[in-house]
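Colleague: For reference, the file my_file-v9.pdb (PDB, C-alpha atoms, pLDDT in the B column) is included below:
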ATOM      1  CA  MET A  35      10.924 -26.228  -8.353  1.00 65.00           C
ATOM      2  CA  ASP A  36      14.075 -27.996  -9.481  1.00 70.00           C
ATOM      3  CA  LEU A  37      16.281 -28.912  -6.484  1.00 68.00           C
ATOM      4  CA  THR A  38      19.412 -27.507  -8.155  1.00 77.00           C
ATOM      5  CA  LEU A  39      17.689 -24.172  -8.777  1.00 75.00           C
ATOM      6  CA  SER A  40      16.343 -24.143  -5.223  1.00 76.00           C
ATOM      7  CA  HIS A  41      19.850 -24.753  -3.862  1.00 80.00           C
ATOM      8  CA  GLU A  42      21.309 -21.978  -6.037  1.00 85.00           C
ATOM      9  CA  ILE A  43      18.645 -19.506  -4.926  1.00 84.00           C
ATOM     10  CA  ASN A  44      19.218 -20.374  -1.268  1.00 83.00           C
ATOM     11  CA  GLN A  45      22.957 -19.840  -1.763  1.00 88.00           C
ATOM     12  CA  GLU A  46      22.220 -16.444  -3.314  1.00 89.00           C
ATOM     13  CA  ILE A  47      20.004 -15.533  -0.354  1.00 89.00           C
ATOM     14  CA  GLY A  48      22.822 -16.509   2.021  1.00 90.00           C
ATOM     15  CA  HIS A  49      25.308 -14.386   0.061  1.00 90.00           C
ATOM     16  CA  LEU A  50      22.949 -11.377   0.031  1.00 90.00           C
ATOM     17  CA  SER A  51      22.343 -11.812   3.775  1.00 91.00           C
ATOM     18  CA  GLU A  52      26.077 -11.662   4.441  1.00 92.00           C
ATOM     19  CA  LEU A  53      26.366  -8.496   2.347  1.00 92.00           C
ATOM     20  CA  ALA A  54      23.418  -6.926   4.162  1.00 92.00           C
ATOM     21  CA  ARG A  55      24.997  -7.690   7.552  1.00 92.00           C
ATOM     22  CA  TYR A  56      28.377  -6.313   6.401  1.00 91.00           C
ATOM     23  CA  TYR A  57      26.927  -3.027   5.145  1.00 92.00           C
ATOM     24  CA  GLU A  58      24.717  -2.710   8.225  1.00 91.00           C
ATOM     25  CA  TYR A  59      27.854  -3.101  10.378  1.00 91.00           C
ATOM     26  CA  GLN A  60      29.617  -0.459   8.248  1.00 91.00           C
ATOM     27  CA  GLY A  61      26.736   1.954   8.874  1.00 93.00           C
ATOM     28  CA  ARG A  62      25.576   1.831   5.242  1.00 92.00           C
ATOM     29  CA  THR A  63      21.963   1.052   6.060  1.00 91.00           C
ATOM     30  CA  ASP A  64      20.861   2.281   2.620  1.00 92.00           C
ATOM     31  CA  VAL A  65      22.928  -0.422   0.890  1.00 92.00           C
ATOM     32  CA  ALA A  66      21.929  -3.018   3.492  1.00 91.00           C
ATOM     33  CA  GLN A  67      18.247  -2.213   2.860  1.00 92.00           C
ATOM     34  CA  GLU A  68      18.722  -2.780  -0.876  1.00 92.00           C
ATOM     35  CA  TYR A  69      20.190  -6.239  -0.218  1.00 91.00           C
ATOM     36  CA  LYS A  70      17.321  -7.011   2.163  1.00 91.00           C
ATOM     37  CA  ARG A  71      14.858  -5.951  -0.557  1.00 90.00           C
ATOM     38  CA  GLN A  72      16.556  -8.329  -2.993  1.00 91.00           C
ATOM     39  CA  ILE A  73      16.303 -11.148  -0.419  1.00 90.00           C
ATOM     40  CA  SER A  74      12.605 -10.423   0.044  1.00 88.00           C
ATOM     41  CA  ASN A  75      12.060 -10.496  -3.732  1.00 88.00           C
ATOM     42  CA  LEU A  76      13.822 -13.863  -4.036  1.00 89.00           C
ATOM     43  CA  LYS A  77      11.779 -15.347  -1.181  1.00 88.00           C
ATOM     44  CA  THR A  78       8.575 -14.068  -2.789  1.00 86.00           C
ATOM     45  CA  MET A  79       9.611 -15.609  -6.109  1.00 87.00           C
ATOM     46  CA  ILE A  80      10.332 -18.966  -4.446  1.00 88.00           C
ATOM     47  CA  ALA A  81       6.984 -18.958  -2.646  1.00 87.00           C
ATOM     48  CA  ARG A  82       5.177 -18.134  -5.901  1.00 88.00           C
ATOM     49  CA  VAL A  83       6.868 -20.955  -7.830  1.00 88.00           C
ATOM     50  CA  GLN A  84       6.143 -23.402  -4.994  1.00 89.00           C
ATOM     51  CA  LEU A  85       2.455 -22.406  -4.940  1.00 90.00           C
ATOM     52  CA  ILE A  86       2.107 -22.788  -8.716  1.00 91.00           C
ATOM     53  CA  ASP A  87       3.927 -26.151  -8.592  1.00 92.00           C
ATOM     54  CA  GLY A  88       1.580 -27.243  -5.798  1.00 93.00           C
ATOM     55  CA  LEU A  89      -1.520 -26.233  -7.771  1.00 93.00           C
ATOM     56  CA  ARG A  90      -0.278 -28.185 -10.803  1.00 94.00           C
ATOM     57  CA  ALA A  91       0.478 -31.219  -8.623  1.00 95.00           C
ATOM     58  CA  LEU A  92      -3.008 -31.003  -7.097  1.00 95.00           C
ATOM     59  CA  ALA A  93      -4.623 -30.802 -10.554  1.00 95.00           C
ATOM     60  CA  ASP A  94      -2.586 -33.812 -11.743  1.00 96.00           C
ATOM     61  CA  PHE A  95      -3.482 -35.766  -8.586  1.00 97.00           C
ATOM     62  CA  LEU A  96      -7.199 -34.995  -8.919  1.00 95.00           C
ATOM     63  CA  ASP A  97      -7.100 -35.942 -12.607  1.00 96.00           C
ATOM     64  CA  ALA A  98      -5.459 -39.284 -11.748  1.00 98.00           C
ATOM     65  CA  HIS A  99      -7.844 -39.996  -8.840  1.00 97.00           C
ATOM     66  CA  PRO A 100     -11.435 -39.462  -9.987  1.00 96.00           C
ATOM     67  CA  ASP A 101     -12.656 -41.100  -6.751  1.00 97.00           C
ATOM     68  CA  VAL A 102     -11.495 -38.098  -4.675  1.00 96.00           C
ATOM     69  CA  PRO A 103     -14.608 -35.994  -3.921  1.00 96.00           C
ATOM     70  CA  LEU A 104     -14.663 -32.333  -4.976  1.00 95.00           C
ATOM     71  CA  ASN A 105     -16.952 -29.364  -4.824  1.00 94.00           C
ATOM     72  CA  SER A 106     -18.098 -28.002  -8.162  1.00 93.00           C
ATOM     73  CA  TRP A 107     -15.983 -24.862  -7.600  1.00 94.00           C
ATOM     74  CA  ALA A 108     -12.607 -23.774  -6.243  1.00 93.00           C
ATOM     75  CA  SER A 109     -11.130 -20.498  -5.084  1.00 93.00           C
ATOM     76  CA  VAL A 110      -7.668 -18.979  -4.820  1.00 93.00           C
ATOM     77  CA  SER A 111      -7.463 -15.810  -2.773  1.00 93.00           C
ATOM     78  CA  TYR A 112      -4.928 -13.083  -2.162  1.00 93.00           C
ATOM     79  CA  SER A 113      -5.511 -11.259   1.117  1.00 91.00           C
ATOM     80  CA  VAL A 114      -4.106  -7.782   0.677  1.00 91.00           C
ATOM     81  CA  THR A 115      -2.477  -6.368   3.814  1.00 84.00           C
ATOM     82  CA  ALA A 116      -0.371  -3.233   4.107  1.00 69.00           C
ATOM     83  CA  THR A 117       2.262  -5.132   6.072  1.00 65.00           C
ATOM     84  CA  ASN A 118       2.966  -7.240   2.952  1.00 65.00           C
ATOM     85  CA  LEU A 119       3.301  -4.160   0.744  1.00 66.00           C
ATOM     86  CA  ASN A 120       5.905  -1.430   0.602  1.00 60.00           C
ATOM     87  CA  THR A 121       3.964   1.277   2.382  1.00 59.00           C
ATOM     88  CA  ASP A 122       4.794   4.932   2.643  1.00 57.00           C
ATOM     89  CA  ASP A 123       3.031   7.668   4.604  1.00 54.00           C
ATOM     90  CA  ARG A 124      -0.341   7.026   2.962  1.00 65.00           C
ATOM     91  CA  ASP A 125      -3.272   5.547   4.850  1.00 84.00           C
ATOM     92  CA  GLN A 126      -3.103   1.728   5.030  1.00 89.00           C
ATOM     93  CA  ASP A 127      -6.603   1.400   3.575  1.00 90.00           C
ATOM     94  CA  ASP A 128      -5.531   3.511   0.575  1.00 90.00           C
ATOM     95  CA  VAL A 129      -2.383   1.416   0.071  1.00 91.00           C
ATOM     96  CA  GLU A 130      -4.379  -1.819   0.196  1.00 93.00           C
ATOM     97  CA  ARG A 131      -7.042  -0.526  -2.201  1.00 93.00           C
ATOM     98  CA  ALA A 132      -4.330   0.608  -4.602  1.00 93.00           C
ATOM     99  CA  GLU A 133      -2.966  -2.949  -4.570  1.00 94.00           C
ATOM    100  CA  VAL A 134      -6.424  -4.354  -5.350  1.00 96.00           C
ATOM    101  CA  ASP A 135      -6.681  -1.816  -8.203  1.00 97.00           C
ATOM    102  CA  ARG A 136      -3.291  -3.001  -9.510  1.00 96.00           C
ATOM    103  CA  VAL A 137      -4.357  -6.655  -9.387  1.00 96.00           C
ATOM    104  CA  ALA A 138      -7.723  -5.821 -10.983  1.00 97.00           C
ATOM    105  CA  ALA A 139      -5.923  -4.209 -13.915  1.00 98.00           C
ATOM    106  CA  ILE A 140      -3.836  -7.362 -14.423  1.00 97.00           C
ATOM    107  CA  LEU A 141      -6.980  -9.513 -14.200  1.00 97.00           C
ATOM    108  CA  GLY A 142      -8.869  -7.197 -16.554  1.00 97.00           C
ATOM    109  CA  VAL A 143     -11.724  -6.628 -14.093  1.00 98.00           C
ATOM    110  CA  THR A 144     -13.242  -3.742 -12.154  1.00 98.00           C
ATOM    111  CA  PRO A 145     -12.969  -3.955  -8.353  1.00 97.00           C
ATOM    112  CA  THR A 146     -16.124  -3.899  -6.253  1.00 96.00           C
ATOM    113  CA  LEU A 147     -16.839  -2.463  -2.825  1.00 95.00           C
ATOM    114  CA  SER A 148     -19.050  -4.377  -0.395  1.00 93.00           C
ATOM    115  CA  ASP A 149     -22.336  -2.792   0.673  1.00 91.00           C
ATOM    116  CA  ASN A 150     -20.917  -1.707   4.035  1.00 92.00           C
ATOM    117  CA  GLY A 151     -17.647  -0.523   2.446  1.00 89.00           C
ATOM    118  CA  SER A 152     -15.448  -2.901   4.431  1.00 91.00           C
ATOM    119  CA  HIS A 153     -14.257  -5.210   1.624  1.00 94.00           C
ATOM    120  CA  TYR A 154     -12.711  -4.076  -1.671  1.00 96.00           C
ATOM    121  CA  THR A 155     -12.391  -6.993  -4.088  1.00 97.00           C
ATOM    122  CA  ALA A 156     -11.111  -7.849  -7.544  1.00 97.00           C
ATOM    123  CA  LEU A 157     -12.543 -11.136  -8.801  1.00 97.00           C
ATOM    124  CA  ARG A 158     -11.968 -13.109 -11.976  1.00 97.00           C
ATOM    125  CA  THR A 159     -13.437 -16.497 -12.729  1.00 96.00           C
ATOM    126  CA  PHE A 160     -11.904 -19.265 -14.809  1.00 95.00           C
ATOM    127  CA  GLY A 161     -14.851 -21.583 -15.316  1.00 95.00           C
ATOM    128  CA  PRO A 162     -15.745 -22.839 -11.832  1.00 95.00           C
ATOM    129  CA  VAL A 163     -12.444 -21.559 -10.395  1.00 95.00           C
ATOM    130  CA  GLU A 164     -12.079 -18.017  -9.100  1.00 96.00           C
ATOM    131  CA  TYR A 165      -9.146 -15.801  -8.221  1.00 96.00           C
ATOM    132  CA  ARG A 166      -9.995 -13.129  -5.661  1.00 96.00           C
ATOM    133  CA  ALA A 167      -7.889 -10.274  -4.249  1.00 95.00           C
ATOM    134  CA  THR A 168      -9.468  -8.571  -1.245  1.00 95.00           C
ATOM    135  CA  ALA A 169      -8.529  -5.663   0.997  1.00 94.00           C
ATOM    136  CA  ILE A 170     -10.424  -5.292   4.266  1.00 93.00           C
ATOM    137  CA  THR A 171     -10.524  -1.892   5.970  1.00 90.00           C
ATOM    138  CA  GLN A 172      -8.535  -1.377   9.153  1.00 85.00           C
ATOM    139  CA  GLU A 173     -11.773  -0.515  10.969  1.00 88.00           C
ATOM    140  CA  GLU A 174     -13.362  -3.828   9.957  1.00 87.00           C
ATOM    141  CA  MET A 175     -10.243  -5.739  10.988  1.00 85.00           C
ATOM    142  CA  ALA A 176     -10.263  -3.997  14.390  1.00 84.00           C
ATOM    143  CA  LEU A 177     -13.918  -4.978  14.870  1.00 85.00           C
ATOM    144  CA  HIS A 178     -13.071  -8.572  13.937  1.00 82.00           C
ATOM    145  CA  ARG A 179     -10.161  -8.681  16.407  1.00 85.00           C
ATOM    146  CA  ALA A 180     -12.326  -7.149  19.133  1.00 85.00           C
ATOM    147  CA  ALA A 181     -15.065  -9.714  18.562  1.00 81.00           C
ATOM    148  CA  GLY A 182     -12.452 -12.460  18.812  1.00 80.00           C
ATOM    149  CA  THR A 183     -11.440 -11.347  22.304  1.00 83.00           C
ATOM    150  CA  TYR A 184     -14.679 -12.919  23.592  1.00 78.00           C
ATOM    151  CA  HIS A 185     -13.944 -16.300  22.007  1.00 76.00           C
ATOM    152  CA  GLY A 186     -14.331 -19.027  24.558  1.00 75.00           C
ATOM    153  CA  LEU A 187     -15.691 -16.652  27.215  1.00 77.00           C
ATOM    154  CA  VAL A 188     -19.285 -16.446  26.031  1.00 70.00           C
ATOM    155  CA  THR A 189     -21.466 -19.472  25.361  1.00 71.00           C
ATOM    156  CA  PRO A 190     -24.331 -18.901  22.946  1.00 66.00           C
TER     157      PRO A 190
END
I'd like the structure from this file rewritten - as structure tokens, please.
Modeller:
Amino acid sequence: MDLTLSHEINQEIGHLSELARYYEYQGRTDVAQEYKRQISNLKTMIARVQLIDGLRALADFLDAHPDVPLNSWASVSYSVTATNLNTDDRDQDDVERAEVDRVAAILGVTPTLSDNGSHYTALRTFGPVEYRATAITQEEMALHRAAGTYHGLVTP
């Protein structure tokens, strides 16, 4: 990302933050929330541009350095979590699956459900490179967190 553009976006974020604080102080939480949403959108846009720039820089580096070892495949993944989405009163699993459905439509693929029903995935390949969006059920995540509580306490 161009440094001038980055500076301008950061200035805009600062300006929107001031407006959000002002309207929050005035009791206009509805207006403050709109400014906070705009800030979130700008930060998401910056992160996206930085990721794409980084992928291009990596590709250029690998092209210029054929001695760097590589696998014969690569993967980019999007882990879908309800906390990263604008959720309403619907079940988190439903919200996350809806996001995978949305991404699948953009990718032009049909999502798949794992055999045990815990992972819902949209996958598109670009030669040996894949893009994968996955939602994992709340139940499966709870089981994973529970299993992690034993880490370091049990020796196999």
Colleague: Using all atoms listed in the file, which protein or nucleic acid residues come within 12 Å of Glu173 in chain A? Drop anything in the same chain fewer than 3 positions from it, and give the result as a list in words.
Modeller: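 Near Glu173 in chain A, the qualifying residues are Gln126, Asp127, Asn150, Gly151, Ser152, His153, Ala169, Ile170, Ala176, Leu177, His178, Arg179 and Ala180 of chain A.
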Colleague: Let me make sure I understand: among A:Ala54, A:Val129, A:Val134, A:Leu96, which one has the smallest atom-to-atom distance to Glu68 in chain A if we use only C-alpha atoms?
Modeller: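 Of all the options, A:Ala54 lies closest to Glu68 in chain A.
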Colleague: Evaluating the PyMOL selection byres ((chain A and resi 40-50) around 12) on the displayed file yields which residues, as a ChimeraX atom specification?
Modeller: /A:35-39,51-57,65-81,83-84
Colleague: Can you work out which one of A:Trp107, A:Phe95, A:Tyr184, A:Tyr59 has the shortest atom-to-atom distance to Phe160 in chain A, counting all atoms listed in the file?
Modeller: A:Trp107
Colleague: Enter the distance from CA of Val137 in chain A to CA of Ala167 in chain A, in Å, rounded to one decimal.
Modeller: 7.2 Å
Colleague: For Ala156 in chain A, which residue among A:His185, A:Arg136, A:Arg90, A:His99 is the nearest when counting only C-alpha atoms?
Modeller: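 Among the listed residues, the smallest separation from Ala156 in chain A belongs to A:Arg136.
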Colleague: Report, as JSON, the axis-aligned box around all atoms of range 171-183 of chain A present in the file, extended by 4 Å on each side; give centre and edge lengths in Å to one decimal place.
Modeller:
{"center_x": -11.8, "center_y": -6.5, "center_z": 14.1, "size_x": 14.5, "size_y": 19.9, "size_z": 24.3}
Colleague: Identify all residues satisfying the PyMOL selection byres ((chain A and resi 162) around 12) in the given file; provide them as a count of residues only.
Modeller: 14
Colleague: My list of candidates is A:Leu157, A:Gly61, A:Val188, A:Thr171. Which is closest to Asp125 in chain A when distances are computed with all atoms listed in the file?
Modeller: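 Closest candidate: A:Thr171.
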Colleague: Which residue is closest to Ser111 in chain A? Choose from A:Thr168, A:Gly88, A:Ala138, A:Thr146 and count only C-alpha atoms.
Modeller: A:Thr168
Colleague: Between CA of Thr144 in chain A and CA of Arg82 in chain A, what is the distance in Å, rounded to a tenth?
Modeller: 24.2 Å
Colleague: Quote the spacing between CA of Gly142 in chain A and CA of Leu89 in chain A in Å to one decimal place.
Modeller: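 It comes out at 22.2 Å.
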